[in-house]
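Asks: Starting off with a structure, shown below.
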Amino acid sequence: MADSRRWVMLGIGTAAQTAGTLYLYGLPFLLPALRRATGLPLWELGLLVACPSLGMVLALIGWGVVADRRGERLVIGLGLTGGAAFLAAAAHAAGPALFVLLTLAGAAGSAVYAASGRVVTGWFAPGERGLAMGIRQTSQPLGVAAASAALPVLADSGGGPRLALLAAAAVCALTGIVAALLLVDGPRPGTGAAPAAAGSGGAGSGGTGTGGARVPSPYRSPTLWRVHGASALLVVAQFVVGAYALDYLVTERGWPVRTAGPLIAGAQLVAAATRVLAGRWSDRSTQRLRPLRIIAAGTAAALGALAAAEALHAPPAAPLLLVALVATVSWHGVAYAAVADVAPASWAGRATSAQTVLQNVAATATPPLFGLAVAGLGFGPGFAVAALFPLAAVAVLHGLTVDDRPPTRPPGDRPDRPARA
């Protein structure tokens, strides 16, 4: 029988990831305040707000290894409290030390992305993981929405960016402590053991979860590589729209910031809901990747329609941008559920970490390259080029299946096995 505690564990893991998102992806909302406080040129400020992402890319795989061997509770607790400490130190730093501390904060906080995926794979049967991963993946739009609403207000209230960073640090520290006290590591497949309670040893607190048996790497098969590659291609479309939505509406369409900003925030909340719905759709589908292919094709269509409307200077361009904003982020839960279906349980942390690392590499490269494309060609051709990336994702996923899952089965009954192509 499925353990009803799994929803509580999912809630804790999602809250932890949302707390980390406040500064891992929320620092761009402090750019005006940081410019006033530091006097740095814009290109240096761009590097500054990218520091947490850099730390995240460098540390994620390592955190995944620790999560696979020692469990989720330890990793999330250490990561968030460590990230809070580095972030609090950064609030009082200047010069090169500020860059270093923000990078370390990103490296520590990235632990939640490695370990919260293991919460899902440990507690949820394969037939429920699409929904669970969709709920987990709401953390990014919710965290970004919270950062956009709170951090600039705190920075403008008289405390400057220091107050905003300290507030984010406090949220991370509190959430990390709650996770360390209340989170229970999920049962490890192949052991038949119950979940290990916080503060106890046992199968849920570490090791491979396979009774000591060495499991072959799932990366010997091309399946995971294809899922990772398709996800990176979809991230390009996501960050084209997400990074430039406000600038496009304000500079190209003449919308006031006070109108465009709340609409984009509202679209982020709708996007959070679509992640849950898409995940549930993938659970009910006979093929996990079929919804992902359909979403990718729909994303390409939305971007293509946006490009055409912009080229024709048609009024529907602005509404189509908001549609694209939702479409480009709705797929994450499905992709992470597919990774969970393919990877053996003892590789879950590393596989979800690799998924996030490759996405972040694509996300880091996309905004400056798209900016160059817009400068040379304009937004219309730029959106048209962006539409090619989700189409390429459809091609990468063509004919691929990751399904070997019954609709329900307790995680502890699922044998730890390598992926099949």
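Letters A, B, ... go to the chains of the structure tokens in the order shown; residues in each chain start at 1; ligands are counted from 1 in the same order.
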Near segment 55-59 of chain A, within 9 Å and counting only C-alpha atoms, which residues show up once chain neighbours fewer than 3 positions away are dropped, as a PyMOL selection string?
Replies: chain A and resi 24+50-52+62-64+102-111+356-358+360-361
Asks: Can you pull out every residue within 9 Å of Leu27 of chain A, counting only C-alpha atoms, but drop anything in the same chain fewer than 5 positions away, and send it as an MDAnalysis selection string?
Replies: chainID A and resid 22 48:50 52 147 151 165
Asks: Give the answer as one residue: which of A:Ala327, A:Ala167, A:Ala309, A:Trp225 has the shortest atom-to-atom distance to Leu154 of chain A, using only C-alpha atoms?
Replies: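 Of A:Ala327, A:Ala167, A:Ala309, A:Trp225, the one nearest Leu154 of chain A is A:Ala167, counting only C-alpha atoms.
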Asks: Counting only C-alpha atoms, which residue out of A:Pro367, A:Arg162, A:Ala115, A:Leu181 sits closest to Leu98 of chain A?
Replies: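 Distance minimum relative to Leu98 of chain A lands on A:Arg162.
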Asks: Do you know which residues are at most 12 Å from Leu397 of chain A counting only C-alpha atoms, after dropping those on the same chain fewer than 4 positions away, and could you put them as an mmCIF file with N, CA and C atoms, in the first residue's frame?
Replies:
data_model
loop_
_atom_site.group_PDB
_atom_site.id
_atom_site.type_symbol
_atom_site.label_atom_id
_atom_site.label_comp_id
_atom_site.auth_asym_id
_atom_site.auth_seq_id
_atom_site.Cartn_x
_atom_site.Cartn_y
_atom_site.Cartn_z
ATOM 1 N N PRO A 222 21.724 5.023 -25.039
ATOM 2 C CA PRO A 222 21.488 6.402 -25.498
ATOM 3 C C PRO A 222 20.207 7.018 -24.967
ATOM 4 N N THR A 223 19.382 6.255 -24.245
ATOM 5 C CA THR A 223 18.066 6.756 -23.858
ATOM 6 C C THR A 223 18.154 8.017 -23.015
ATOM 7 N N LEU A 224 18.915 7.966 -21.925
ATOM 8 C CA LEU A 224 19.023 9.144 -21.064
ATOM 9 C C LEU A 224 19.646 10.319 -21.803
ATOM 10 N N TRP A 225 20.662 10.043 -22.631
ATOM 11 C CA TRP A 225 21.295 11.127 -23.379
ATOM 12 C C TRP A 225 20.276 11.819 -24.279
ATOM 13 N N ARG A 226 19.369 11.063 -24.877
ATOM 14 C CA ARG A 226 18.372 11.666 -25.756
ATOM 15 C C ARG A 226 17.358 12.495 -24.965
ATOM 16 N N VAL A 227 16.969 12.017 -23.797
ATOM 17 C CA VAL A 227 16.059 12.813 -22.963
ATOM 18 C C VAL A 227 16.747 14.103 -22.520
ATOM 19 N N HIS A 228 18.010 13.992 -22.066
ATOM 20 C CA HIS A 228 18.761 15.187 -21.666
ATOM 21 C C HIS A 228 18.902 16.159 -22.830
ATOM 22 N N GLY A 229 19.239 15.640 -24.011
ATOM 23 C CA GLY A 229 19.438 16.497 -25.168
ATOM 24 C C GLY A 229 18.163 17.210 -25.586
ATOM 25 N N ALA A 230 17.050 16.485 -25.614
ATOM 26 C CA ALA A 230 15.777 17.117 -25.952
ATOM 27 C C ALA A 230 15.409 18.184 -24.935
ATOM 28 N N SER A 231 15.669 17.923 -23.662
ATOM 29 C CA SER A 231 15.369 18.901 -22.619
ATOM 30 C C SER A 231 16.201 20.167 -22.796
ATOM 31 N N LEU A 233 17.340 21.355 -25.573
ATOM 32 C CA LEU A 233 16.785 22.077 -26.719
ATOM 33 C C LEU A 233 15.514 22.835 -26.317
ATOM 34 N N LEU A 234 14.693 22.237 -25.494
ATOM 35 C CA LEU A 234 13.487 22.918 -25.037
ATOM 36 C C LEU A 234 13.804 24.089 -24.117
ATOM 37 N N GLN A 287 2.373 6.110 -23.085
ATOM 38 C CA GLN A 287 3.788 6.367 -23.326
ATOM 39 C C GLN A 287 4.176 7.665 -22.641
ATOM 40 N N ARG A 288 5.163 7.616 -21.772
ATOM 41 C CA ARG A 288 5.570 8.786 -21.013
ATOM 42 C C ARG A 288 5.988 9.937 -21.929
ATOM 43 N N LEU A 289 6.709 9.621 -23.010
ATOM 44 C CA LEU A 289 7.280 10.667 -23.840
ATOM 45 C C LEU A 289 6.317 11.218 -24.880
ATOM 46 N N ARG A 290 5.185 10.585 -25.076
ATOM 47 C CA ARG A 290 4.238 11.116 -26.060
ATOM 48 C C ARG A 290 3.775 12.522 -25.688
ATOM 49 N N PRO A 291 3.352 12.797 -24.445
ATOM 50 C CA PRO A 291 3.006 14.180 -24.099
ATOM 51 C C PRO A 291 4.174 15.155 -24.288
ATOM 52 N N LEU A 292 5.394 14.693 -24.006
ATOM 53 C CA LEU A 292 6.544 15.579 -24.169
ATOM 54 C C LEU A 292 6.727 15.963 -25.633
ATOM 55 N N ARG A 293 6.559 15.010 -26.533
ATOM 56 C CA ARG A 293 6.668 15.319 -27.961
ATOM 57 C C ARG A 293 5.568 16.286 -28.402
ATOM 58 N N ILE A 294 4.349 16.077 -27.900
ATOM 59 C CA ILE A 294 3.239 16.964 -28.268
ATOM 60 C C ILE A 294 3.479 18.373 -27.734
ATOM 61 N N ILE A 295 3.951 18.471 -26.483
ATOM 62 C CA ILE A 295 4.240 19.793 -25.914
ATOM 63 C C ILE A 295 5.339 20.489 -26.704
ATOM 64 N N ALA A 296 6.369 19.742 -27.097
ATOM 65 C CA ALA A 296 7.453 20.337 -27.881
ATOM 66 C C ALA A 296 6.931 20.852 -29.220
ATOM 67 N N ALA A 297 6.088 20.067 -29.869
ATOM 68 C CA ALA A 297 5.509 20.511 -31.143
ATOM 69 C C ALA A 297 4.627 21.738 -30.941
ATOM 70 N N ALA A 335 9.646 15.596 -18.415
ATOM 71 C CA ALA A 335 11.023 15.202 -18.724
ATOM 72 C C ALA A 335 11.709 14.594 -17.499
ATOM 73 N N ALA A 338 10.475 11.138 -16.933
ATOM 74 C CA ALA A 338 11.095 10.201 -17.874
ATOM 75 C C ALA A 338 12.487 9.811 -17.409
ATOM 76 N N PRO A 390 12.586 23.543 -30.336
ATOM 77 C CA PRO A 390 11.630 22.498 -29.930
ATOM 78 C C PRO A 390 11.307 21.518 -31.054
ATOM 79 N N LEU A 391 11.357 21.970 -32.313
ATOM 80 C CA LEU A 391 11.192 21.015 -33.412
ATOM 81 C C LEU A 391 12.322 19.992 -33.415
ATOM 82 N N ALA A 392 13.546 20.458 -33.143
ATOM 83 C CA ALA A 392 14.667 19.526 -33.041
ATOM 84 C C ALA A 392 14.471 18.560 -31.875
ATOM 85 N N ALA A 393 13.854 19.033 -30.785
ATOM 86 C CA ALA A 393 13.579 18.148 -29.645
ATOM 87 C C ALA A 393 12.608 17.041 -30.045
ATOM 88 N N THR A 401 11.125 5.365 -26.358
ATOM 89 C CA THR A 401 10.207 5.034 -25.278
ATOM 90 C C THR A 401 11.001 4.742 -24.021
ATOM 91 N N VAL A 402 10.451 5.148 -22.888
ATOM 92 C CA VAL A 402 11.103 4.869 -21.600
ATOM 93 C C VAL A 402 10.183 4.050 -20.708
ATOM 94 N N ALA A 421 17.108 0.828 -23.834
ATOM 95 C CA ALA A 421 16.893 1.794 -24.910
ATOM 96 C C ALA A 421 15.520 1.598 -25.518
#
Asks: Would you kindly return, as a list of chain:residue names, each protein, DNA or RNA residue with an atom no farther than 9 Å from any atom of Val385 of chain A, considering only C-alpha atoms and excluding same-chain residues fewer than 3 positions away?
Replies: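 The filter keeps A:Leu303, A:Gly304, A:Ala307, A:Gly380, A:Pro381, A:Gly382, A:Leu388, A:Phe389.
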Asks: The selected residues should be written to file as a compact mmCIF listing (two decimals), in the first residue's frame (atoms: N, CA, C and O atoms).
Replies:
# COMPACT_ATOMS: atom_id res chain seq x y z
N LEU A 303 5.80 29.55 -30.92
CA LEU A 303 6.89 30.45 -31.29
C LEU A 303 6.81 30.84 -32.76
O LEU A 303 7.11 31.99 -33.13
N GLY A 304 6.43 29.89 -33.61
CA GLY A 304 6.26 30.21 -35.02
C GLY A 304 5.16 31.24 -35.23
O GLY A 304 5.32 32.18 -36.04
N ALA A 307 6.47 34.58 -34.10
CA ALA A 307 7.39 35.15 -35.09
C ALA A 307 6.63 35.76 -36.26
O ALA A 307 6.96 36.87 -36.73
N GLY A 380 11.32 39.24 -34.69
CA GLY A 380 10.58 38.28 -35.51
C GLY A 380 11.43 37.13 -36.00
O GLY A 380 11.13 35.96 -35.72
N PRO A 381 12.53 37.41 -36.73
CA PRO A 381 13.42 36.32 -37.13
C PRO A 381 14.01 35.57 -35.94
O PRO A 381 14.24 34.36 -36.02
N GLY A 382 14.28 36.29 -34.85
CA GLY A 382 14.82 35.63 -33.66
C GLY A 382 13.87 34.59 -33.11
O GLY A 382 14.26 33.46 -32.78
N LEU A 388 12.86 26.56 -34.03
CA LEU A 388 13.51 25.37 -34.56
C LEU A 388 14.00 24.44 -33.46
O LEU A 388 14.13 23.23 -33.68
N PHE A 389 14.27 24.97 -32.28
CA PHE A 389 14.83 24.15 -31.21
C PHE A 389 13.82 23.15 -30.65
O PHE A 389 14.15 21.97 -30.49
Asks: Considering only C-alpha atoms, state which residue in the set A:Ile264, A:Leu320, A:Val112, A:Leu183 is at the smallest distance from Ile12 of chain A.
Replies: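 Among the listed residues, A:Leu183 lies closest to Ile12 of chain A.
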Asks: At a cut-off of 8 Å, using only C-alpha atoms, what residues contact Thr81 of chain A? Leave out same-chain residues fewer than 6 positions from it and give the result as a list in words.
Replies: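 Returned residues: Cys172, Ala173, Leu174, Gly176 and Ile177 of chain A.
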Asks: I'd like to know which of A:Glu128, A:Ala386, A:Glu310, A:Gly279 is closest to Tyr248 of chain A, using only C-alpha atoms.
Replies: A:Glu310
Asks: Tell me, in Å to one decimal, how far atom CA of Thr138 of chain A is from atom CA of Arg258 of chain A.
Replies: 24.6 Å
Asks: Can you tell me, as number ranges by chain, what residues are no more than 9 Å from Ala180 of chain A when counting only C-alpha atoms, ignoring any on the same chain fewer than 4 positions away?
Replies: A: 73-78, 175-176, 184, 198-199
Asks: Determine the nearest neighbour of Val65 of chain A from the options A:His398, A:His92, A:Arg5, A:Arg350, counting only C-alpha atoms.
Replies: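 Among the listed residues, A:Arg350 lies closest to Val65 of chain A.
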Asks: Taking only segment 54-289 of chain A into account, list the residues labelled helix (DSSP H, G or I) by DSSP (computed from the backbone), as JSON, numbers by chain.
Replies: {"A": [54, 55, 56, 57, 58, 59, 60, 61, 62, 63, 64, 65, 66, 67, 68, 69, 70, 72, 73, 74, 75, 76, 77, 78, 79, 80, 81, 82, 83, 84, 85, 86, 87, 88, 89, 90, 91, 96, 97, 98, 99, 100, 101, 102, 103, 104, 105, 106, 107, 108, 109, 111, 112, 113, 114, 115, 116, 117, 118, 119, 120, 121, 122, 123, 126, 127, 128, 129, 130, 131, 132, 133, 134, 135, 136, 139, 140, 141, 142, 143, 144, 145, 146, 147, 148, 149, 150, 151, 152, 153, 154, 155, 156, 157, 158, 159, 160, 161, 162, 163, 164, 165, 166, 167, 168, 169, 170, 171, 172, 173, 174, 175, 176, 177, 178, 179, 180, 181, 182, 203, 204, 205, 218, 219, 220, 222, 223, 224, 225, 226, 227, 228, 229, 230, 231, 232, 233, 234, 235, 236, 237, 238, 239, 240, 241, 242, 243, 244, 245, 246, 247, 248, 249, 250, 251, 252, 257, 258, 259, 260, 261, 262, 263, 264, 265, 266, 267, 268, 269, 270, 271, 272, 273, 274, 275, 276, 277, 278, 279, 280, 281, 282, 283, 284, 289]}
Asks: Here is a test: counting only C-alpha atoms, which residue of A:Ala345, A:Val334, A:Ala273, A:Ala245 is nearest to Phe379 of chain A?
Replies: A:Ala245
Asks: Can you tell me how far atom CA of Leu249 of chain A sits from atom CA of Ala19 of chain A, in Å to one decimal?
Replies: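 Taking atom CA of Leu249 of chain A as the start and atom CA of Ala19 of chain A as the end point, the length is 28.7 Å.
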Asks: Tell me, as a ChimeraX atom specification, which residues lie within 12 Å of Ser139 of chain A, counting only C-alpha atoms; anything in the same chain fewer than 5 positions away does not count.
Replies: /A:10-22,24-25,112-113,116,132-134,144-147,268-269,271-273,275-276,329,332-333
Asks: Write a file of the selected residues as a compact mmCIF listing (two decimals), in the first residue's frame, keeping C-alpha atoms.
Replies:
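Saved the output as out-v6.txt:
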# COMPACT_ATOMS: atom_id res chain seq x y z
CA LEU A 10 6.87 15.96 -1.66
CA GLY A 11 5.67 19.19 -0.05
CA ILE A 12 8.88 19.52 1.95
CA GLY A 13 11.03 18.81 -1.10
CA THR A 14 9.10 21.30 -3.24
CA ALA A 15 9.31 23.97 -0.53
CA ALA A 16 13.06 23.40 -0.29
CA GLN A 17 13.52 23.80 -4.04
CA THR A 18 11.33 26.92 -4.06
CA ALA A 19 13.46 28.46 -1.30
CA GLY A 20 16.64 27.80 -3.25
CA THR A 21 15.10 29.30 -6.39
CA LEU A 22 14.70 32.64 -4.59
CA LEU A 24 19.49 30.80 -7.66
CA TYR A 25 17.20 32.40 -10.24
CA VAL A 112 17.99 20.82 -3.50
CA TYR A 113 17.84 20.14 -7.24
CA SER A 116 14.41 16.70 -4.32
CA ALA A 132 4.76 14.30 -8.49
CA MET A 133 7.52 15.68 -10.72
CA GLY A 134 5.09 18.26 -12.09
CA VAL A 144 10.74 33.29 -9.51
CA ALA A 145 7.33 34.85 -8.91
CA ALA A 146 8.13 35.27 -5.21
CA ALA A 147 11.55 36.74 -5.99
CA GLN A 268 4.38 32.21 -14.40
CA LEU A 269 1.61 31.09 -12.06
CA ALA A 271 2.88 27.91 -16.06
CA ALA A 272 3.19 26.32 -12.62
CA ALA A 273 -0.28 24.83 -13.01
CA ARG A 275 3.53 21.66 -15.18
CA VAL A 276 1.28 19.74 -12.80
CA VAL A 329 7.90 25.89 -19.36
CA HIS A 332 9.71 20.03 -17.13
CA GLY A 333 7.82 17.59 -14.93
